[in-house]
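Have a look at model-v6.pdb; it's PDB, C-alpha atoms and all ligand atoms:
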ATOM      1  CA  MET U  29      19.976   4.809  28.231
ATOM      2  CA  SER U  30      16.335   5.338  27.384
ATOM      3  CA  THR U  31      14.420   2.604  25.650
ATOM      4  CA  TYR U  32      10.984   2.280  24.127
ATOM      5  CA  LYS U  33       8.754  -0.473  22.784
ATOM      6  CA  THR U  34       6.590  -0.404  19.708
ATOM      7  CA  GLU U  35       4.834  -2.666  17.239
ATOM      8  CA  GLY U  36       5.731  -2.119  13.605
ATOM      9  CA  ILE U  37       5.762  -3.527  10.101
ATOM     10  CA  ILE U  38       9.232  -3.852   8.554
ATOM     11  CA  ILE U  39       9.262  -1.837   5.335
ATOM     12  CA  LYS U  40      12.984  -1.602   4.583
ATOM     13  CA  ARG U  41      16.087  -3.672   5.242
ATOM     14  CA  GLU U  42      19.577  -2.869   3.994
ATOM     15  CA  ASN U  43      23.024  -4.166   4.856
ATOM     16  CA  PHE U  44      24.924  -1.758   7.046
ATOM     17  CA  GLY U  45      28.591  -2.035   7.968
ATOM     18  CA  GLU U  46      30.204  -5.435   8.575
ATOM     19  CA  ALA U  47      27.334  -7.376  10.078
ATOM     20  CA  SER U  48      24.554  -4.917  10.832
ATOM     21  CA  LEU U  49      21.307  -3.904   9.173
ATOM     22  CA  MET U  50      19.699  -0.533   8.570
ATOM     23  CA  MET U  51      15.998  -1.032   9.111
ATOM     24  CA  GLY U  52      12.902   0.938   8.226
ATOM     25  CA  ALA U  53       9.585   0.242   9.921
ATOM     26  CA  TYR U  54       6.135   1.744  10.065
ATOM     27  CA  THR U  55       5.164   1.616  13.712
ATOM     28  CA  LYS U  56       1.861   1.948  15.487
ATOM     29  CA  GLU U  57       3.021   4.484  18.066
ATOM     30  CA  TYR U  58       5.818   6.422  16.333
ATOM     31  CA  GLY U  59       5.008   6.275  12.635
ATOM     32  CA  LYS U  60       7.843   5.734  10.194
ATOM     33  CA  ILE U  61      11.154   5.072  11.898
ATOM     34  CA  ARG U  62      14.692   4.139  10.898
ATOM     35  CA  ALA U  63      16.957   2.171  13.198
ATOM     36  CA  VAL U  64      20.130   0.096  13.204
ATOM     37  CA  ALA U  65      20.107  -3.585  14.107
ATOM     38  CA  ARG U  66      23.685  -4.187  15.218
ATOM     39  CA  SER U  67      25.289  -7.556  14.400
ATOM     40  CA  ALA U  68      21.931  -8.745  13.066
ATOM     41  CA  ARG U  69      23.598 -10.530  10.144
ATOM     42  CA  LYS U  70      25.754 -12.719  12.411
ATOM     43  CA  LYS U  71      24.742 -16.372  12.295
ATOM     44  CA  LYS U  72      23.685 -16.633  15.903
ATOM     45  CA  GLY U  73      22.346 -13.103  16.325
ATOM     46  CA  LYS U  74      19.226 -13.038  18.502
ATOM     47  CA  LEU U  75      17.487 -10.767  15.987
ATOM     48  CA  LYS U  76      17.893 -13.303  13.199
ATOM     49  CA  GLY U  77      14.583 -14.091  11.537
ATOM     50  CA  HIS U  78      12.780 -11.319  13.401
ATOM     51  CA  LEU U  79      13.644  -8.510  11.006
ATOM     52  CA  GLU U  80      12.418  -9.831   7.659
ATOM     53  CA  LEU U  81      10.586  -7.583   5.232
ATOM     54  CA  PHE U  82       6.834  -7.108   5.877
ATOM     55  CA  LEU U  83       7.001  -8.845   9.254
ATOM     56  CA  ASP U  84       4.782  -7.487  11.988
ATOM     57  CA  THR U  85       7.056  -7.256  14.996
ATOM     58  CA  GLU U  86       7.231  -6.082  18.605
ATOM     59  CA  MET U  87      10.429  -4.093  18.874
ATOM     60  CA  MET U  88      12.491  -2.764  21.745
ATOM     61  CA  LEU U  89      14.570   0.246  20.751
ATOM     62  CA  ILE U  90      17.266   2.341  22.358
ATOM     63  CA  HIS U  91      17.310   6.079  21.709
ATOM     64  CA  GLY U  92      20.518   7.223  20.057
ATOM     65  CA  ARG U  93      21.930  10.679  19.384
ATOM     66  CA  ASN U  94      21.970  10.120  15.622
ATOM     67  CA  ILE U  95      19.982   6.977  15.146
ATOM     68  CA  ASP U  96      18.083   4.538  17.355
ATOM     69  CA  THR U  97      19.155   0.926  17.807
ATOM     70  CA  ILE U  98      16.949  -2.141  17.735
ATOM     71  CA  ALA U  99      17.761  -4.068  20.915
ATOM     72  CA  GLY U 100      15.109  -6.733  20.530
ATOM     73  CA  SER U 101      12.503  -7.887  18.053
ATOM     74  CA  ILE U 102       9.869 -10.569  18.456
ATOM     75  CA  THR U 103       7.684 -11.556  15.536
ATOM     76  CA  ALA U 104       4.016 -10.783  16.190
ATOM     77  CA  GLU U 105       2.782 -11.978  12.793
ATOM     78  CA  ASN U 106       4.914 -13.637  10.155
ATOM     79  CA  PHE U 107       2.428 -13.698   7.237
ATOM     80  CA  SER U 108       3.973 -17.037   6.284
ATOM     81  CA  GLN U 109       1.339 -17.758   3.633
ATOM     82  CA  ILE U 110       2.376 -14.642   1.728
ATOM     83  CA  ARG U 111       6.033 -15.687   1.959
ATOM     84  CA  SER U 112       5.375 -19.047   0.341
ATOM     85  CA  ASN U 113       3.518 -17.549  -2.622
ATOM     86  CA  LEU U 114       5.375 -15.477  -5.210
ATOM     87  CA  LYS U 115       2.310 -13.548  -6.373
ATOM     88  CA  LEU U 116       1.278 -12.570  -2.864
ATOM     89  CA  SER U 117       4.891 -11.714  -1.997
ATOM     90  CA  SER U 118       5.129  -9.392  -4.980
ATOM     91  CA  ALA U 119       1.971  -7.620  -3.739
ATOM     92  CA  ALA U 120       3.474  -7.268  -0.246
ATOM     93  CA  TYR U 121       6.775  -5.944  -1.637
ATOM     94  CA  LEU U 122       4.898  -3.348  -3.658
ATOM     95  CA  MET U 123       2.998  -2.217  -0.553
ATOM     96  CA  ILE U 124       6.069  -1.765   1.630
ATOM     97  CA  GLU U 125       7.944   0.023  -1.147
ATOM     98  CA  LEU U 126       5.031   2.447  -1.469
ATOM     99  CA  ALA U 127       4.893   2.955   2.298
ATOM    100  CA  ASP U 128       8.623   3.658   2.282
ATOM    101  CA  LYS U 129       8.567   6.051  -0.675
ATOM    102  CA  PHE U 130       5.352   7.890   0.175
ATOM    103  CA  ILE U 131       5.983   8.591   3.811
ATOM    104  CA  THR U 132       8.721  10.744   5.269
ATOM    105  CA  GLU U 133      10.587   9.665   8.374
ATOM    106  CA  GLY U 134       8.875  10.620  11.596
ATOM    107  CA  TYR U 135       5.484  10.987   9.902
ATOM    108  CA  ARG U 136       2.975   9.546  12.334
ATOM    109  CA  ASP U 137      -0.515   8.317  11.551
ATOM    110  CA  GLU U 138      -1.682   5.159  13.287
ATOM    111  CA  ARG U 139      -4.132   4.505  10.446
ATOM    112  CA  ILE U 140      -1.212   3.794   8.077
ATOM    113  CA  PHE U 141      -0.006   1.076  10.455
ATOM    114  CA  TRP U 142      -3.482  -0.519  10.371
ATOM    115  CA  LEU U 143      -3.633  -0.182   6.601
ATOM    116  CA  LEU U 144      -0.394  -2.171   6.272
ATOM    117  CA  LYS U 145      -1.297  -4.758   8.904
ATOM    118  CA  LYS U 146      -4.822  -5.420   7.689
ATOM    119  CA  THR U 147      -3.917  -5.564   3.999
ATOM    120  CA  LEU U 148      -1.096  -8.027   4.741
ATOM    121  CA  GLY U 149      -3.543 -10.068   6.825
ATOM    122  CA  PHE U 150      -6.044 -10.122   3.975
ATOM    123  CA  LEU U 151      -3.394 -11.214   1.437
ATOM    124  CA  ASP U 152      -2.204 -13.926   3.840
ATOM    125  CA  GLY U 153      -5.748 -15.286   3.911
ATOM    126  CA  LEU U 154      -5.844 -15.527   0.114
ATOM    127  CA  ALA U 155      -3.122 -18.181  -0.085
ATOM    128  CA  VAL U 156      -5.479 -21.099   0.547
ATOM    129  CA  PRO U 157      -8.127 -20.061  -2.018
ATOM    130  CA  ILE U 158      -5.313 -19.435  -4.535
ATOM    131  CA  ALA U 159      -3.914 -22.928  -3.964
ATOM    132  CA  GLU U 160      -7.373 -24.498  -4.250
ATOM    133  CA  THR U 161      -8.849 -22.616  -7.165
ATOM    134  CA  GLY U 162      -5.769 -21.231  -8.894
ATOM    135  CA  HIS U 163      -7.412 -17.892  -9.509
ATOM    136  CA  CYS U 164      -7.700 -15.166  -6.954
ATOM    137  CA  PHE U 165      -6.165 -12.489  -9.083
ATOM    138  CA  VAL U 166      -9.124 -10.136  -8.773
ATOM    139  CA  SER U 167      -9.192 -10.264  -4.951
ATOM    140  CA  MET U 168      -5.432  -9.825  -4.744
ATOM    141  CA  ALA U 169      -5.257  -6.977  -7.259
ATOM    142  CA  THR U 170      -8.285  -5.265  -5.694
ATOM    143  CA  ALA U 171      -6.640  -5.455  -2.256
ATOM    144  CA  VAL U 172      -3.548  -3.739  -3.690
ATOM    145  CA  LEU U 173      -5.803  -1.121  -5.270
ATOM    146  CA  LEU U 174      -7.495  -0.545  -1.896
ATOM    147  CA  PHE U 175      -4.063  -0.153  -0.319
ATOM    148  CA  GLN U 176      -3.013   2.405  -2.922
ATOM    149  CA  ILE U 177      -6.192   4.486  -2.650
ATOM    150  CA  HIS U 178      -6.151   4.473   1.159
ATOM    151  CA  LEU U 179      -2.458   5.402   1.207
ATOM    152  CA  LEU U 180      -3.066   8.254  -1.256
ATOM    153  CA  ASN U 181      -5.971   9.463   0.900
ATOM    154  CA  LEU U 182      -4.043   9.233   4.172
ATOM    155  CA  THR U 183      -1.049  11.128   2.807
ATOM    156  CA  GLY U 184      -3.005  13.972   1.235
ATOM    157  CA  PHE U 185      -2.852  12.808  -2.387
ATOM    158  CA  SER U 186      -6.426  11.540  -2.704
ATOM    159  CA  PRO U 187      -7.574  11.573  -6.320
ATOM    160  CA  GLU U 188     -10.650  13.705  -7.083
ATOM    161  CA  LEU U 189     -13.368  11.287  -8.195
ATOM    162  CA  ASN U 190     -16.572  13.308  -7.834
ATOM    163  CA  ARG U 191     -15.975  16.629  -9.552
ATOM    164  CA  CYS U 192     -14.252  17.583 -12.765
ATOM    165  CA  VAL U 193     -10.774  18.813 -11.770
ATOM    166  CA  VAL U 194     -10.914  21.483 -14.493
ATOM    167  CA  CYS U 195     -14.344  23.118 -14.088
ATOM    168  CA  GLY U 196     -15.615  21.679 -10.791
ATOM    169  CA  LYS U 197     -18.853  20.262 -12.210
ATOM    170  CA  THR U 198     -20.213  16.998 -10.785
ATOM    171  CA  ILE U 199     -18.996  14.012 -12.817
ATOM    172  CA  LYS U 200     -21.778  12.397 -14.848
ATOM    173  CA  PRO U 201     -21.933   8.700 -15.779
ATOM    174  CA  ARG U 202     -20.785   9.111 -19.376
ATOM    175  CA  LYS U 203     -17.466   9.558 -21.160
ATOM    176  CA  ASN U 204     -14.866  10.816 -18.674
ATOM    177  CA  TYR U 205     -11.100  11.029 -18.445
ATOM    178  CA  PHE U 206      -8.505  10.805 -15.708
ATOM    179  CA  SER U 207      -5.782  13.411 -15.563
ATOM    180  CA  VAL U 208      -2.635  12.257 -13.775
ATOM    181  CA  LEU U 209      -1.340  15.822 -13.939
ATOM    182  CA  LYS U 210      -4.381  17.295 -12.190
ATOM    183  CA  GLY U 211      -5.006  14.296  -9.946
ATOM    184  CA  GLY U 212      -8.575  13.480 -10.802
ATOM    185  CA  ILE U 213     -11.414  13.004 -13.239
ATOM    186  CA  VAL U 214     -12.018  15.380 -16.119
ATOM    187  CA  GLY U 215     -15.455  15.540 -17.717
ATOM    188  CA  GLU U 216     -15.888  15.267 -21.473
ATOM    189  CA  GLU U 217     -16.587  19.026 -21.682
ATOM    190  CA  CYS U 218     -13.046  19.776 -20.482
ATOM    191  CA  PHE U 219     -11.203  17.095 -22.415
ATOM    192  CA  ASN U 220      -8.030  18.372 -23.964
ATOM    193  CA  LYS U 221      -5.861  16.061 -26.037
ATOM    194  CA  GLU U 222      -2.580  17.718 -25.139
ATOM    195  CA  ARG U 223      -2.780  16.951 -21.461
ATOM    196  CA  ASN U 224      -2.155  13.223 -21.404
ATOM    197  CA  MET U 225      -5.564  12.117 -20.167
ATOM    198  CA  ARG U 226      -6.781   8.532 -19.977
ATOM    199  CA  LEU U 227     -10.284   7.341 -20.674
ATOM    200  CA  ILE U 228     -12.014   6.189 -17.482
ATOM    201  CA  SER U 229     -15.187   4.095 -17.592
ATOM    202  CA  VAL U 230     -18.149   4.329 -15.227
ATOM    203  CA  GLU U 231     -17.225   0.880 -13.806
ATOM    204  CA  MET U 232     -13.710   2.094 -13.071
ATOM    205  CA  ILE U 233     -14.983   5.230 -11.321
ATOM    206  CA  LYS U 234     -17.337   3.096  -9.211
ATOM    207  CA  LEU U 235     -14.523   0.761  -8.173
ATOM    208  CA  LEU U 236     -12.153   3.591  -7.256
ATOM    209  CA  ARG U 237     -14.867   5.408  -5.292
ATOM    210  CA  LEU U 238     -15.563   2.303  -3.186
ATOM    211  CA  PHE U 239     -12.240   2.723  -1.394
ATOM    212  CA  GLN U 240     -12.062   6.492  -1.183
ATOM    213  CA  LEU U 241     -12.043   7.680   2.442
ATOM    214  CA  GLY U 242     -14.767  10.020   3.625
ATOM    215  CA  LYS U 243     -14.710  12.861   6.128
ATOM    216  CA  ASN U 244     -15.891  10.470   8.833
ATOM    217  CA  ASN U 245     -12.908   8.101   8.578
ATOM    218  CA  PHE U 246     -10.592  10.446  10.482
ATOM    219  CA  ASP U 247     -10.149   8.787  13.844
ATOM    220  CA  VAL U 248      -8.433   5.419  14.214
ATOM    221  CA  ARG U 249     -11.564   3.527  15.288
ATOM    222  CA  ALA U 250     -13.657   4.861  12.395
ATOM    223  CA  TYR U 251     -10.840   4.078   9.997
ATOM    224  CA  GLN U 252     -10.589   0.477  11.242
ATOM    225  CA  ASN U 253     -14.310   0.048  10.628
ATOM    226  CA  LYS U 254     -13.935   1.455   7.132
ATOM    227  CA  ILE U 255     -11.043  -0.836   6.168
ATOM    228  CA  ASN U 256     -12.745  -3.941   7.626
ATOM    229  CA  HIS U 257     -15.846  -3.006   5.666
ATOM    230  CA  ASP U 258     -13.798  -2.517   2.470
ATOM    231  CA  PHE U 259     -12.258  -5.995   2.767
ATOM    232  CA  GLN U 260     -15.735  -7.479   3.252
ATOM    233  CA  ILE U 261     -16.727  -5.738   0.016
ATOM    234  CA  ILE U 262     -13.722  -7.201  -1.823
ATOM    235  CA  LYS U 263     -14.735 -10.716  -0.765
ATOM    236  CA  LYS U 264     -18.154 -10.300  -2.384
ATOM    237  CA  LEU U 265     -17.166  -8.031  -5.237
ATOM    238  CA  ARG U 266     -18.021  -9.096  -8.758
ATOM    239  CA  VAL U 267     -15.862  -7.064 -11.059
ATOM    240  CA  ASP U 268     -14.098  -7.764 -14.350
ATOM    241  CA  LYS U 269     -10.400  -8.434 -14.179
ATOM    242  CA  GLU U 270      -9.925  -5.856 -16.921
ATOM    243  CA  VAL U 271     -11.579  -3.099 -14.854
ATOM    244  CA  VAL U 272      -9.264  -3.817 -11.906
ATOM    245  CA  GLU U 273      -6.212  -3.865 -14.182
ATOM    246  CA  LYS U 274      -7.120  -0.562 -15.790
ATOM    247  CA  CYS U 275      -7.727   1.065 -12.389
ATOM    248  CA  ALA U 276      -4.365  -0.261 -11.181
ATOM    249  CA  PHE U 277      -2.667   1.161 -14.266
ATOM    250  CA  LEU U 278      -4.168   4.613 -13.584
ATOM    251  CA  MET U 279      -3.298   4.598  -9.887
ATOM    252  CA  ASN U 280       0.262   3.416 -10.613
ATOM    253  CA  GLU U 281       0.747   6.251 -13.079
ATOM    254  CA  PHE U 282      -0.730   8.719 -10.603
ATOM    255  CA  ILE U 283       1.466   7.453  -7.750
ATOM    256  CA  GLU U 284       4.705   7.635  -9.746
ATOM    257  CA  PHE U 285       3.770  11.109 -10.930
ATOM    258  CA  SER U 286       2.957  12.254  -7.375
ATOM    259  CA  ILE U 287       6.229  11.076  -5.835
ATOM    260  CA  GLU U 288       8.282  11.840  -8.978
ATOM    261  CA  GLU U 289       9.955   8.474  -8.726
ATOM    262  CA  LYS U 290       9.788   5.043 -10.321
ATOM    263  CA  VAL U 291       8.313   2.334  -8.100
ATOM    264  CA  ARG U 292      10.116  -0.936  -8.908
ATOM    265  CA  GLY U 293       7.481  -3.071  -7.204
ATOM    266  CA  ILE U 294       4.797  -2.045  -9.712
ATOM    267  CA  GLU U 295       6.527  -3.841 -12.579
ATOM    268  CA  PHE U 296       7.400  -6.872 -10.427
ATOM    269  CA  PHE U 297       3.807  -7.207  -9.212
ATOM    270  CA  ARG U 298       2.492  -6.889 -12.767
ATOM    271  CA  GLU U 299       4.882  -9.567 -14.052
ATOM    272  CA  MET U 300       4.091 -11.957 -11.208
ATOM    273  CA  SER U 301       0.346 -11.553 -11.457
ATOM    274  CA  ILE U 302       0.154 -12.419 -15.159
ATOM    275  CA  ILE U 303       1.972 -15.738 -14.676
ATOM    276  CA  LYS U 304      -0.600 -18.522 -14.959
ATOM    277  CA  GLU U 305      -1.068 -20.965 -12.099
ATOM    278  CA  GLU U 306       0.020 -24.496 -12.960
TER     279      GLU U 306
HETATM  280 ZN    ZN G 401     -15.118  20.017 -16.568
END

So that I can check it, write out the structure of this file as structure tokens.
Ligand SMILES: [Zn+2]
Amino acid sequence: MSTYKTEGIIIKRENFGEASLMMGAYTKEYGKIRAVARSARKKKGKLKGHLELFLDTEMMLIHGRNIDTIAGSITAENFSQIRSNLKLSSAAYLMIELADKFITEGYRDERIFWLLKKTLGFLDGLAVPIAETGHCFVSMATAVLLFQIHLLNLTGFSPELNRCVVCGKTIKPRKNYFSVLKGGIVGEECFNKERNMRLISVEMIKLLRLFQLGKNNFDVRAYQNKINHDFQIIKKLRVDKEVVEKCAFLMNEFIEFSIEEKVRGIEFFREMSIIKEE
């Protein structure tokens, strides 16, 4: 019986059989995996509480002919602040749903693990400022936007934000459009009403470009520096709520178009984030 250990973020959890769970995780060493947690729903199961959604966990797995089995799981990071806040939870649910839908099983890129872990860590740290000030919407929504743009970049769907996707000319700071169909910005000279394009402002382009990955973010170390740097930017960022919302709308449309599937978490996150704090 061969076993292996890995750290991973739980991205999916479904009932399986009488008392078991079918789990999905994005792991540091093996990328996206699927595994069964046998008897995990029994009251006294040793895995109880260690296989919750968006947990960061150290897992011990047993190789199986058809599917691997989770033999042990110890929580590395619970992100308890996110769990006690509905808005932050809805952001976390959206992220794991995207990770699940965007990435095929067995796809391995350690940077995606860090993207999940660091974004969850950032959201967890927002709970206190939210409780104290009642408004951290911009930081939270911008963190989700960062997550979406990084995920698009890391999976080969990065939107084109520098050149017109129709004619290839450099985008100028004037009236521009975003084409979901073509996956990028279209200059005014190529605007065509029939093709479902959305107006995109200079502020929106600037915000989206902040999180775009460059050619030098390829290795894991360089990527970690980039994401740490991006979260530092978010902390200091002064941007209108409306600009963030419009960017999120565009990216959501682009994501659903790219994977040809509805993402339930988008609507849930939108509903949760417009509820006013008491
Ligand atoms: Zn053009």

* Structure fact -> Students should find that CA of Gly184 in chain U and CA of Ala250 in chain U are spaced 17.9 Å

* Write out as a count of residues only each polymer residue (protein, DNA or RNA) that has an atom no more than 6 Å from ligand ZN 401 (chain G), with all atoms listed in the file counted. => 8

* Need the neighbours of (7.4, 0.3, 12.8): which residues are at most 12 Å away, counting only C-alpha atoms, as a PyMOL selection string? -> chain U and resi 33-40+51-63+79+81-89+98+101+124+127-128+133-138+140-142+144-145

* Contacts of Ile213 in chain U at 7 Å (only C-alpha atoms; same-chain gap of 3+ positions) as a ChimeraX atom specification -> /U:188-189,191-193,204-207

With C-alpha atoms retained, export the selected residues as a PDB file, in the coordinates of the input.
ATOM      1  CA  GLU U 188     -10.650  13.705  -7.083  1.00  0.00           C
ATOM      2  CA  LEU U 189     -13.368  11.287  -8.195  1.00  0.00           C
ATOM      3  CA  ARG U 191     -15.975  16.629  -9.552  1.00  0.00           C
ATOM      4  CA  CYS U 192     -14.252  17.583 -12.765  1.00  0.00           C
ATOM      5  CA  VAL U 193     -10.774  18.813 -11.770  1.00  0.00           C
ATOM      6  CA  ASN U 204     -14.866  10.816 -18.674  1.00  0.00           C
ATOM      7  CA  TYR U 205     -11.100  11.029 -18.445  1.00  0.00           C
ATOM      8  CA  PHE U 206      -8.505  10.805 -15.708  1.00  0.00           C
ATOM      9  CA  SER U 207      -5.782  13.411 -15.563  1.00  0.00           C
TER      10      SER U 207
END

Set up a box along x, y and z of the file covering all listed atoms of range 239-252 of chain U, add 5 Å on every one of the six sides, and write the centre and edge lengths in Å to one decimal, as lines of an AutoDock Vina configuration file.
center_x = -12.2
center_y = 6.7
center_z = 6.9
size_x = 17.5
size_y = 22.4
size_z = 26.7

* Would you mind reading off the distance between CA of Ser167 in chain U and CA of Tyr121 in chain U, one decimal, in Å? => 16.9 Å

* Could you tell me which residues the PyMOL selection byres (((chain U and resi 278-285) around 8) and not hetatm) grabs in this file, written as a list in words? => Leu173, Gln176, Ile177, Leu180, Phe206, Val208, Leu209, Gly211, Arg226, Lys274, Cys275, Ala276, Phe277, Ser286, Ile287, Glu288, Glu289, Lys290, Val291 and Ile294 of chain U

Since the input lacks some atoms of range 29-44 of chain U, please model N, CA, C and O atoms and print them as an mmCIF file, in the frame of the given file.
data_model
loop_
_atom_site.group_PDB
_atom_site.id
_atom_site.type_symbol
_atom_site.label_atom_id
_atom_site.label_comp_id
_atom_site.auth_asym_id
_atom_site.auth_seq_id
_atom_site.Cartn_x
_atom_site.Cartn_y
_atom_site.Cartn_z
ATOM 1 N N MET U 29 20.381 5.350 29.530
ATOM 2 C CA MET U 29 19.976 4.809 28.231
ATOM 3 C C MET U 29 18.455 4.673 28.207
ATOM 4 O O MET U 29 17.891 3.900 28.963
ATOM 5 N N SER U 30 17.792 5.454 27.377
ATOM 6 C CA SER U 30 16.335 5.338 27.384
ATOM 7 C C SER U 30 15.857 4.422 26.258
ATOM 8 O O SER U 30 16.359 4.469 25.144
ATOM 9 N N THR U 31 14.922 3.574 26.628
ATOM 10 C CA THR U 31 14.420 2.604 25.650
ATOM 11 C C THR U 31 12.924 2.802 25.437
ATOM 12 O O THR U 31 12.258 3.448 26.241
ATOM 13 N N TYR U 32 12.432 2.269 24.358
ATOM 14 C CA TYR U 32 10.984 2.280 24.127
ATOM 15 C C TYR U 32 10.580 1.051 23.332
ATOM 16 O O TYR U 32 11.390 0.438 22.646
ATOM 17 N N LYS U 33 9.299 0.695 23.476
ATOM 18 C CA LYS U 33 8.754 -0.473 22.784
ATOM 19 C C LYS U 33 7.721 -0.019 21.770
ATOM 20 O O LYS U 33 6.994 0.941 22.022
ATOM 21 N N THR U 34 7.648 -0.717 20.665
ATOM 22 C CA THR U 34 6.590 -0.404 19.708
ATOM 23 C C THR U 34 6.343 -1.592 18.783
ATOM 24 O O THR U 34 7.216 -2.429 18.592
ATOM 25 N N GLU U 35 5.141 -1.642 18.241
ATOM 26 C CA GLU U 35 4.834 -2.666 17.239
ATOM 27 C C GLU U 35 4.952 -2.020 15.868
ATOM 28 O O GLU U 35 4.496 -0.884 15.675
ATOM 29 N N GLY U 36 5.577 -2.719 14.932
ATOM 30 C CA GLY U 36 5.731 -2.119 13.605
ATOM 31 C C GLY U 36 5.850 -3.150 12.504
ATOM 32 O O GLY U 36 6.140 -4.321 12.746
ATOM 33 N N ILE U 37 5.597 -2.689 11.293
ATOM 34 C CA ILE U 37 5.762 -3.527 10.101
ATOM 35 C C ILE U 37 7.093 -3.130 9.461
ATOM 36 O O ILE U 37 7.338 -1.943 9.237
ATOM 37 N N ILE U 38 7.929 -4.133 9.177
ATOM 38 C CA ILE U 38 9.232 -3.852 8.554
ATOM 39 C C ILE U 38 9.021 -3.467 7.089
ATOM 40 O O ILE U 38 8.466 -4.242 6.314
ATOM 41 N N ILE U 39 9.462 -2.265 6.726
ATOM 42 C CA ILE U 39 9.262 -1.837 5.335
ATOM 43 C C ILE U 39 10.575 -1.683 4.569
ATOM 44 O O ILE U 39 10.573 -1.511 3.355
ATOM 45 N N LYS U 40 11.696 -1.719 5.280
ATOM 46 C CA LYS U 40 12.984 -1.602 4.583
ATOM 47 C C LYS U 40 14.063 -2.334 5.358
ATOM 48 O O LYS U 40 14.048 -2.356 6.582
ATOM 49 N N ARG U 41 15.023 -2.900 4.610
ATOM 50 C CA ARG U 41 16.087 -3.672 5.242
ATOM 51 C C ARG U 41 17.296 -3.615 4.330
ATOM 52 O O ARG U 41 17.252 -4.098 3.205
ATOM 53 N N GLU U 42 18.370 -2.988 4.817
ATOM 54 C CA GLU U 42 19.577 -2.869 3.994
ATOM 55 C C GLU U 42 20.798 -3.234 4.817
ATOM 56 O O GLU U 42 20.855 -2.939 6.015
ATOM 57 N N ASN U 43 21.784 -3.846 4.153
ATOM 58 C CA ASN U 43 23.024 -4.166 4.856
ATOM 59 C C ASN U 43 23.692 -2.880 5.307
ATOM 60 O O ASN U 43 23.637 -1.867 4.619
ATOM 61 N N PHE U 44 24.297 -2.944 6.477
ATOM 62 C CA PHE U 44 24.924 -1.758 7.046
ATOM 63 C C PHE U 44 26.196 -2.196 7.764
ATOM 64 O O PHE U 44 26.141 -3.046 8.667
#
